[in-house]
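Just run-v3.cif here, mmCIF, C-alpha atoms:
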```
data_final
#
loop_
_atom_site.label_atom_id
_atom_site.label_comp_id
_atom_site.auth_asym_id
_atom_site.auth_seq_id
_atom_site.Cartn_x
_atom_site.Cartn_y
_atom_site.Cartn_z
CA MET N 36 103.31 109.98 118.96
CA ALA N 37 106.14 108.60 116.88
CA SER N 38 107.26 106.29 119.65
CA ASN N 39 103.74 104.96 119.93
CA VAL N 40 103.75 104.13 116.25
CA LYS N 41 106.98 102.19 116.64
CA GLN N 42 105.59 100.42 119.65
CA TYR N 43 102.52 99.37 117.72
CA LYS N 44 104.64 98.07 114.88
CA ALA N 45 106.70 96.03 117.30
CA ILE N 46 103.62 94.66 119.02
CA GLY N 47 102.11 93.75 115.69
CA GLU N 48 105.26 91.98 114.57
CA GLU N 49 105.46 90.01 117.80
CA LEU N 50 101.85 88.95 117.65
CA TRP N 51 102.21 87.79 114.07
CA LYS N 52 105.29 85.77 114.88
CA GLY N 53 103.71 84.34 117.99
CA ARG N 54 100.71 82.91 116.23
CA SER N 55 101.11 79.20 115.90
CA GLU N 56 98.33 78.58 113.43
CA LYS N 57 98.94 80.25 110.12
CA ILE N 58 97.21 79.38 106.88
CA ASN N 59 98.60 79.00 103.41
CA ALA N 60 98.06 82.28 101.59
CA GLU N 61 97.11 80.67 98.28
CA LEU N 62 94.47 78.53 99.93
CA PHE N 63 93.08 81.59 101.67
CA ALA N 64 92.96 83.65 98.48
CA LEU N 65 91.38 80.82 96.49
CA THR N 66 88.76 80.20 99.18
CA TYR N 67 87.79 83.84 99.38
CA GLY N 68 87.71 84.12 95.60
CA ALA N 69 85.44 81.11 95.31
CA LEU N 70 83.19 82.65 97.96
CA VAL N 71 82.85 85.94 96.11
CA VAL N 72 82.18 84.22 92.79
CA GLN N 73 79.50 82.07 94.40
CA LEU N 74 77.85 85.12 95.94
CA ILE N 75 77.82 86.79 92.55
CA GLN N 76 76.16 83.76 91.00
CA ASP N 77 73.60 83.59 93.79
CA TYR N 78 72.63 87.25 94.03
CA GLU N 79 73.40 88.45 90.50
CA ASP N 80 73.51 92.03 91.75
CA TYR N 81 76.83 93.57 92.66
CA ASP N 82 75.42 96.00 95.22
CA GLU N 83 73.80 93.12 97.03
CA VAL N 84 77.06 91.15 96.91
CA ASN N 85 78.87 94.13 98.43
CA LYS N 86 76.28 94.23 101.22
CA GLN N 87 76.58 90.52 101.89
CA LEU N 88 80.36 90.68 102.02
CA GLU N 89 80.11 93.55 104.48
CA LYS N 90 77.63 91.61 106.60
CA MET N 91 79.89 88.60 106.67
CA GLY N 92 82.75 90.83 107.66
CA TYR N 93 80.64 92.34 110.41
CA ASN N 94 79.99 88.92 111.89
CA ILE N 95 83.67 88.10 111.75
CA GLY N 96 84.66 91.43 113.27
CA THR N 97 82.38 91.19 116.29
CA ARG N 98 84.19 88.01 117.29
CA LEU N 99 87.64 88.85 116.08
CA ILE N 100 87.95 91.79 118.44
CA GLU N 101 87.84 89.47 121.46
CA ASP N 102 90.64 87.35 120.07
CA PHE N 103 92.63 90.46 119.27
CA LEU N 104 92.24 92.09 122.66
CA ALA N 105 92.97 88.85 124.47
CA ARG N 106 96.20 88.27 122.60
CA SER N 107 97.47 91.79 122.40
CA GLY N 108 96.37 92.94 125.81
CA MET N 109 96.00 96.44 124.45
CA GLY N 110 94.16 98.95 126.53
CA ARG N 111 91.56 101.47 125.46
CA CYS N 112 92.63 103.84 122.73
CA SER N 113 92.75 107.45 123.85
CA ASP N 114 91.32 108.96 120.67
CA PHE N 115 90.15 108.02 117.21
CA ARG N 116 93.56 108.73 115.78
CA GLU N 117 95.02 106.01 117.96
CA VAL N 118 92.26 103.67 116.87
CA GLY N 119 93.42 104.08 113.29
CA GLU N 120 97.04 103.42 114.19
CA VAL N 121 96.26 100.32 116.20
CA ILE N 122 94.01 98.85 113.53
CA ALA N 123 96.61 99.36 110.83
CA LYS N 124 99.79 98.47 112.65
CA VAL N 125 98.62 95.84 115.11
CA GLY N 126 95.30 94.53 113.85
CA PHE N 127 96.00 94.03 110.17
CA LYS N 128 99.51 92.84 110.97
CA THR N 129 98.31 90.20 113.39
CA PHE N 130 95.72 88.66 111.13
CA LEU N 131 96.83 89.35 107.57
CA ASN N 132 100.51 90.14 108.00
CA ILE N 133 100.17 93.42 106.12
CA THR N 134 100.57 96.96 107.39
CA PRO N 135 98.37 99.41 105.53
CA GLY N 136 99.35 103.06 105.61
CA VAL N 137 97.14 105.38 107.66
CA VAL N 138 96.15 108.93 106.85
CA HIS N 139 94.09 110.76 109.43
CA ALA N 140 91.45 113.37 108.76
CA LEU N 141 90.43 114.93 112.02
CA PRO N 142 88.04 117.83 112.30
CA PRO N 143 90.00 121.06 112.51
CA SER N 144 89.74 123.29 115.58
CA PRO N 145 86.70 125.54 115.19
CA THR N 146 87.46 128.60 113.09
CA PRO N 147 84.34 130.62 112.34
CA ASN N 148 85.47 131.99 108.99
CA ARG N 149 86.07 128.71 107.25
CA GLN N 150 83.71 128.33 104.33
CA SER N 151 85.88 126.85 101.61
CA ASN N 152 85.88 123.12 102.44
CA PRO N 153 83.05 121.23 103.97
CA THR N 154 84.80 120.42 107.24
CA PRO N 155 84.31 116.87 108.44
CA SER N 156 82.33 117.00 111.61
CA GLN N 157 83.60 113.60 112.63
CA PRO N 158 87.09 112.20 112.56
CA SER N 159 88.07 109.61 110.03
CA PHE N 160 91.13 107.82 108.77
CA THR N 161 92.01 106.18 105.50
CA LEU N 162 93.83 102.87 105.26
CA THR N 163 95.90 102.37 102.14
CA LEU N 164 96.51 98.72 101.31
CA ASP N 165 99.65 98.30 99.20
CA GLU N 166 99.20 94.59 99.15
CA ASN N 167 96.07 92.56 99.68
CA PRO N 168 96.29 88.82 100.29
CA LEU N 169 92.65 88.38 99.32
CA THR N 170 93.22 89.49 95.75
CA GLU N 171 96.33 87.48 94.97
CA PHE N 172 95.23 86.05 91.63
CA VAL N 173 92.16 88.08 90.90
CA GLU N 174 91.25 89.93 87.77
CA LEU N 175 87.79 91.42 87.64
CA PRO N 176 85.71 90.74 84.54
CA GLU N 177 83.97 93.56 82.66
CA ASP N 178 80.57 93.35 84.30
CA ALA N 179 82.02 93.24 87.80
CA LEU N 180 83.89 96.43 87.01
CA GLU N 181 80.78 98.15 85.69
CA GLY N 182 78.56 96.74 88.41
CA GLY N 183 80.61 98.35 91.16
CA LEU N 184 81.90 95.31 92.98
CA TRP N 185 84.24 95.94 95.90
CA PHE N 186 86.02 92.61 95.99
CA SER N 187 87.52 92.90 99.47
CA ASN N 188 84.46 94.44 101.07
CA VAL N 189 84.59 91.88 103.84
CA LEU N 190 87.43 93.91 105.37
CA CYS N 191 85.13 96.92 105.79
CA GLY N 192 82.66 94.75 107.64
CA VAL N 193 85.34 93.37 109.93
CA ILE N 194 86.41 96.89 110.91
CA ARG N 195 82.83 97.97 111.54
CA GLY N 196 82.01 94.87 113.60
CA ALA N 197 85.15 95.01 115.67
CA LEU N 198 84.81 98.69 116.52
CA GLU N 199 81.16 98.34 117.39
CA MET N 200 82.14 95.87 120.11
CA VAL N 201 84.36 98.51 121.64
CA GLN N 202 81.67 101.15 121.69
CA MET N 203 82.37 102.95 118.43
CA GLN N 204 79.91 103.13 115.61
CA VAL N 205 81.76 103.67 112.35
CA GLN N 206 81.20 103.65 108.66
CA ALA N 207 83.86 101.78 106.72
CA GLU N 208 83.91 101.73 102.95
CA PHE N 209 86.23 101.31 100.03
CA VAL N 210 87.00 104.49 98.12
CA SER N 211 89.33 103.01 95.55
CA ASP N 212 90.57 99.58 94.54
CA VAL N 213 93.51 98.45 92.47
CA LEU N 214 91.33 95.70 90.96
CA ARG N 215 89.14 98.41 89.52
CA GLY N 216 92.09 100.11 87.91
CA ASP N 217 92.59 102.77 90.56
CA GLU N 218 96.05 103.72 91.77
CA SER N 219 95.69 102.25 95.21
CA SER N 220 93.23 100.39 97.41
CA GLU N 221 91.83 102.59 100.17
CA ILE N 222 89.33 102.05 102.94
CA ARG N 223 87.90 105.12 104.65
CA VAL N 224 86.74 104.63 108.21
CA LYS N 225 84.56 107.40 109.59
CA LEU N 226 83.39 107.68 113.16
CA VAL N 227 79.64 108.09 113.45
CA LYS N 228 79.36 108.22 117.23
CA TYR N 229 80.57 106.72 120.43
CA LEU N 230 78.09 104.23 121.83
CA GLU N 231 76.95 104.57 125.40
CA GLU N 232 76.82 101.48 127.58
CA GLU N 233 73.18 100.65 127.85
CA VAL N 234 71.81 99.73 131.24
CA PRO N 235 69.72 96.59 130.92
CA VAL N 236 66.03 97.25 131.35
CA GLY N 237 64.56 96.33 134.72
CA ASP N 238 67.87 96.31 136.52
CA ASP N 239 67.10 97.94 139.87
CA MET R 173 106.82 85.33 59.31
CA SER R 174 103.74 84.73 61.32
CA HIS R 175 102.72 82.30 63.96
CA HIS R 176 99.35 81.10 65.08
CA LEU R 177 98.80 79.86 68.58
CA PHE R 178 95.79 77.89 69.72
CA LEU R 179 94.94 76.74 73.21
CA LEU R 180 92.57 73.81 73.34
CA SER R 181 90.67 72.32 76.23
CA PRO R 182 90.73 68.57 76.90
CA SER R 183 87.54 68.32 74.86
CA ASP R 184 89.25 70.11 71.98
CA THR R 185 87.30 73.33 72.28
CA PRO R 186 89.44 76.28 71.26
CA LEU R 187 89.83 78.51 74.29
CA TYR R 188 92.24 81.05 72.95
CA SER R 189 93.89 81.93 69.69
CA LEU R 190 96.53 84.39 68.70
CA THR R 191 98.17 85.47 65.50
CA HIS R 192 101.62 86.87 65.88
CA GLN R 193 103.84 88.54 63.34
CA SER R 194 107.44 87.87 64.07
CA THR R 195 110.02 90.58 63.57
CA LYS R 196 112.87 88.15 63.52
CA PRO R 197 114.53 87.54 60.15
CA ALA R 198 112.91 84.62 58.41
CA PRO R 199 114.08 82.41 55.61
CA ALA R 200 112.76 83.66 52.31
CA VAL R 201 109.38 82.03 52.21
CA ALA R 202 107.22 84.29 50.19
CA SER R 203 103.88 82.64 50.47
CA PRO R 204 100.64 84.44 51.20
CA LEU R 205 99.69 81.67 53.52
CA ALA R 206 98.14 83.86 56.15
CA ALA R 207 95.19 84.08 53.87
CA ASN R 208 95.15 80.34 53.59
CA LEU R 209 95.02 79.62 57.27
CA PRO R 210 92.29 77.05 57.63
CA THR R 211 89.27 77.91 59.69
CA TRP R 212 88.76 75.73 62.65
CA SER R 213 86.18 73.30 61.55
CA THR R 214 86.95 72.82 57.94
CA SER R 215 90.35 71.36 57.48
CA ALA R 216 92.72 68.45 57.75
CA PHE R 217 94.19 70.46 60.57
CA ALA R 218 91.29 69.36 62.68
CA GLY R 219 92.18 65.84 61.72
CA THR R 220 95.67 66.35 63.07
CA LEU R 221 94.10 67.58 66.23
CA THR R 222 92.03 64.49 66.79
CA ALA R 223 95.03 62.34 66.02
CA LEU R 224 97.00 64.29 68.58
CA SER R 225 94.37 64.03 71.24
CA GLY R 226 94.01 60.37 70.49
CA ALA R 227 97.72 59.89 71.00
CA SER R 228 97.83 61.80 74.22
CA SER R 229 94.80 60.38 75.90
CA ALA R 230 92.91 57.42 74.64
CA THR R 231 90.08 57.83 77.08
CA GLN R 232 88.20 60.95 76.05
CA GLN R 233 84.90 59.16 75.84
CA SER R 234 85.17 56.22 78.13
CA THR R 235 84.22 56.60 81.73
CA SER R 236 84.49 53.02 82.87
CA GLY R 237 87.09 52.37 85.53
CA PRO R 238 89.72 50.06 84.12
CA THR R 239 89.94 51.53 80.62
CA ARG R 240 90.25 55.00 82.01
CA VAL R 241 93.20 54.12 84.16
CA GLY R 242 94.86 52.52 81.17
CA GLY R 243 94.46 55.61 79.02
CA GLY R 244 95.58 57.89 81.75
CA GLN R 245 98.73 55.89 82.16
CA ASP R 246 99.75 56.52 78.57
CA ARG R 247 99.42 60.22 78.99
CA HIS R 248 101.26 60.24 82.28
CA ASP R 249 104.12 58.33 80.77
CA VAL R 250 104.41 61.02 78.16
CA MET R 251 104.38 63.65 80.87
CA ARG R 252 106.93 62.03 83.07
CA LYS R 253 109.60 61.91 80.47
CA ASP R 254 111.77 64.92 80.75
CA SER R 255 109.80 67.81 79.26
CA GLY R 256 107.73 65.21 77.47
CA MET R 257 105.06 67.81 77.36
CA TYR R 258 106.62 69.45 74.37
CA LEU R 259 105.90 67.25 71.41
CA LYS R 260 107.80 69.27 68.86
CA ALA R 261 106.52 69.07 65.33
CA VAL R 262 103.66 66.68 64.98
CA ASP R 263 102.35 67.50 61.56
CA LYS R 264 102.80 69.49 58.44
CA PHE R 265 99.90 71.25 56.84
CA ASN R 266 100.62 72.82 53.46
CA GLU R 267 103.77 74.70 54.36
CA TRP R 268 102.91 75.14 58.02
CA THR R 269 104.49 72.99 60.67
CA VAL R 270 102.33 72.21 63.63
CA SER R 271 104.10 72.01 66.96
CA ALA R 272 102.27 70.81 70.02
CA PHE R 273 102.55 70.98 73.77
CA VAL R 274 100.36 68.97 76.11
CA THR R 275 99.97 70.03 79.72
CA PRO R 276 99.43 67.68 82.66
CA GLY R 277 95.89 68.98 82.79
CA ASN R 278 95.41 67.69 79.26
CA MET R 279 95.27 71.15 77.75
CA LYS R 280 96.77 71.28 74.32
CA PHE R 281 98.72 74.17 72.92
CA LEU R 282 99.26 74.21 69.19
CA LEU R 283 101.51 76.50 67.25
CA LEU R 284 101.53 76.85 63.49
CA HIS R 285 104.77 78.14 62.15
CA GLU R 286 106.85 78.14 59.04
CA ALA R 287 110.44 78.05 60.18
CA LYS R 288 112.18 75.65 62.52
CA ASN R 289 112.70 77.09 65.99
CA ASP R 290 112.49 74.26 68.51
CA ASP R 291 114.18 75.93 71.46
CA GLY R 292 112.37 79.20 71.08
CA ILE R 293 109.07 77.43 70.69
CA ARG R 294 109.66 75.23 73.70
CA SER R 295 110.45 78.28 75.87
CA PHE R 296 107.43 80.04 74.46
CA PHE R 297 105.18 77.09 75.30
CA MET R 298 106.56 76.91 78.84
CA GLU R 299 105.84 80.57 79.36
CA VAL R 300 102.36 80.31 77.90
CA TRP R 301 101.76 77.41 80.25
CA GLU R 302 102.79 79.47 83.25
CA LEU R 303 100.59 82.36 82.16
CA TYR R 304 97.71 79.97 81.59
CA VAL R 305 98.06 78.50 85.10
CA LYS R 306 97.99 82.01 86.54
CA THR R 307 94.78 82.72 84.65
CA LEU R 308 93.25 79.49 85.92
CA VAL R 309 93.66 80.60 89.53
CA ASN R 310 91.58 83.70 88.91
CA PRO R 311 88.28 82.92 90.66
CA PHE R 312 86.38 84.63 87.88
CA HIS R 313 87.64 82.22 85.28
CA SER R 314 85.85 78.92 84.95
CA ALA R 315 87.90 76.00 83.80
CA HIS R 316 87.62 75.03 80.13
CA THR R 317 85.94 78.25 79.09
CA PRO R 318 87.42 80.70 76.60
CA VAL R 319 90.12 82.86 78.12
CA ARG R 320 89.01 86.47 78.12
CA SER R 321 91.63 88.02 80.33
CA GLY R 322 93.24 91.09 78.81
CA VAL R 323 96.29 90.64 80.99
CA PHE R 324 96.80 87.11 79.71
CA ASP R 325 96.49 88.33 76.14
CA SER R 326 99.07 91.09 76.47
CA ARG R 327 101.50 88.84 78.32
CA VAL R 328 101.25 86.10 75.71
CA ARG R 329 101.90 88.66 73.00
CA ALA R 330 104.95 89.95 74.84
CA SER R 331 106.20 86.40 75.27
CA ALA R 332 105.66 85.71 71.58
CA LYS R 333 107.72 88.73 70.73
CA LYS R 334 110.47 87.49 72.96
CA TYR R 335 110.73 83.93 71.75
CA LEU R 336 109.39 83.77 68.23
#
```

Can I see the file as structure tokens?
Amino acid sequence: MASNVKQYKAIGEELWKGRSEKINAELFALTYGALVVQLIQDYEDYDEVNKQLEKMGYNIGTRLIEDFLARSGMGRCSDFREVGEVIAKVGFKTFLNITPGVVHALPPSPTPNRQSNPTPSQPSFTLTLDENPLTEFVELPEDALEGGLWFSNVLCGVIRGALEMVQMQVQAEFVSDVLRGDESSEIRVKLVKYLEEEVPVGDD
Amino acid sequence: MSHHLFLLSPSDTPLYSLTHQSTKPAPAVASPLAANLPTWSTSAFAGTLTALSGASSATQQSTSGPTRVGGGQDRHDVMRKDSGMYLKAVDKFNEWTVSAFVTPGNMKFLLLHEAKNDDGIRSFFMEVWELYVKTLVNPFHSAHTPVRSGVFDSRVRASAKKYL
């Protein structure tokens, strides 16, 4: 397992270095910031803004996965744990040049007497972002804080979109955000189900 | 010894103000002037302000092409001189000296103070400028609106403590 992690880090590093088109980080942060502010002005409801950001991310993710798989040449992940590692060490590294920490929460092996914690029936992992290029200069105003805005919600959408294209339906959401005054920024990704390949109707 | 800082937009709207009590030893000036600090609209201080803005950019109102370029040139000449942004003491009001700093974006910073402290004030202005630029890049801040950032406020206070 440990050697895999190192491998992924190395792959991620190589992919990042190999990319010929990089964008200025300030420009990127300013563009995204302007986008969020415009959405807030248009929708005037922070929940709706969160949804829109997630939708936009979803659209990005469904396409990004192709680019990612083409460049990295990675094969299928063996289990959900590996999915988490690859996303953090290779995915985020390739596109944002950051490596969030991963903490896995897999369902424990069935023990009939366990009543204390509600055991998660599905595996999940939590990505901890120590740095976030989207929020370089951002300070949330009072009403955004109260309204429940997740500034970088687009990232959750990207994860959901990308994984859906590789037959995994997941739920990705922010659980804490440094912009909101929390200690760290965390995204929890929970597997809902594996998607079956659907046979097209009328294909005899 | 206290200081009063004002940040003004190009249209002379006050965007930020701060009163700072210095802990540094001051020359014995025992005047209860804090009480006398003029309110914004009602004093010759405002007159100084207009004079200052007139000096720095003669084209506040005009929008026609040639005149505008002319006015802009004046201001840019001021800027291009080495640290020409810091205008030192531009006026005296009662016992307060008014020092000014004009940024390339035509923002004006004014500091009212009693004692002479050119170097400290210049460094203070430079730091306030940097902090102001950082606030400007925050997508939630619209240009030329009052600065409400708590982070900006605490950092300016810390900087005031350091230099004044």

Report as a list in words the full result of the PyMOL selection byres ((chain N and resi 119-125) around 8) when it is applied to this structure.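 Here the PyMOL selection byres ((chain N and resi 119-125) around 8) matches Val40, Tyr43, Lys44, Ile46, Gly47, Glu48, Phe115, Arg116, Glu117, Val118, Gly126, Phe127, Lys128, Thr129, Thr134, Pro135, Gly136, Val137, His139, Phe160 and Leu162 of chain N.
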
Restricting it to C-alpha atoms, dump the selection as a JSON list (two decimals), in the frame of the given file.
```
[["chain", "number", "residue", "atom", "x", "y", "z"],
["N", 40, "VAL", "CA", 103.75, 104.13, 116.25],
["N", 43, "TYR", "CA", 102.52, 99.37, 117.72],
["N", 44, "LYS", "CA", 104.64, 98.07, 114.88],
["N", 46, "ILE", "CA", 103.62, 94.66, 119.02],
["N", 47, "GLY", "CA", 102.11, 93.75, 115.69],
["N", 48, "GLU", "CA", 105.26, 91.98, 114.57],
["N", 115, "PHE", "CA", 90.15, 108.02, 117.21],
["N", 116, "ARG", "CA", 93.56, 108.73, 115.78],
["N", 117, "GLU", "CA", 95.02, 106.01, 117.96],
["N", 118, "VAL", "CA", 92.26, 103.67, 116.87],
["N", 126, "GLY", "CA", 95.30, 94.53, 113.85],
["N", 127, "PHE", "CA", 96.00, 94.03, 110.17],
["N", 128, "LYS", "CA", 99.51, 92.84, 110.97],
["N", 129, "THR", "CA", 98.31, 90.20, 113.39],
["N", 134, "THR", "CA", 100.57, 96.96, 107.39],
["N", 135, "PRO", "CA", 98.37, 99.41, 105.53],
["N", 136, "GLY", "CA", 99.35, 103.06, 105.61],
["N", 137, "VAL", "CA", 97.14, 105.38, 107.66],
["N", 139, "HIS", "CA", 94.09, 110.76, 109.43],
["N", 160, "PHE", "CA", 91.13, 107.82, 108.77],
["N", 162, "LEU", "CA", 93.83, 102.87, 105.26]]
```

Rows by chain and residue number, region 159-211 of chain N within 9 Å of region 309-315 of chain R, shortest pair, all atoms listed in the file, as a Markdown table:
```
| residue | atom | partner | partner_atom | distance |
| --- | --- | --- | --- | --- |
| N:Glu171 | CA | R:Asn310 | CA | 8.6 |
| N:Phe172 | CA | R:Asn310 | CA | 5.1 |
| N:Val173 | CA | R:Asn310 | CA | 4.8 |
| N:Glu174 | CA | R:Asn310 | CA | 6.3 |
| N:Leu175 | CA | R:Phe312 | CA | 6.9 |
| N:Pro176 | CA | R:Phe312 | CA | 7.0 |
```

Can you check which residues of chain N have any atom within 12 Å of chain R? Use only C-alpha atoms and format it as a list of chain:residue names.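 Listing them in order of chain and number gives N:Glu61, N:Leu62, N:Ala64, N:Leu65, N:Thr66, N:Tyr67, N:Gly68, N:Ala69, N:Leu70, N:Val71, N:Val72, N:Gln73, N:Leu74, N:Ile75, N:Gln76, N:Leu169, N:Thr170, N:Glu171, N:Phe172, N:Val173, N:Glu174, N:Leu175, N:Pro176, N:Glu177, N:Asp178, N:Ala179, N:Phe186.
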
For Arg223 (chain N), please output as an MDAnalysis selection string all residues within 9 Å (counting all atoms listed in the file; exclusion window: fewer than 3 positions along the same chain). chainID N and resid 159:163 191 206:210

So how far away is CA of Thr275 (chain R) from CA of Met257 (chain R), in Å?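 We find that CA of Met257 (chain R) and CA of Thr275 (chain R) lie 6.0 Å from each other.
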
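In terms of minimum interatomic distance to Phe296 (chain R), R:Ala332 ranks closest within R:Leu190, R:Leu259, R:Ala332, R:Leu282, counting only C-alpha atoms.
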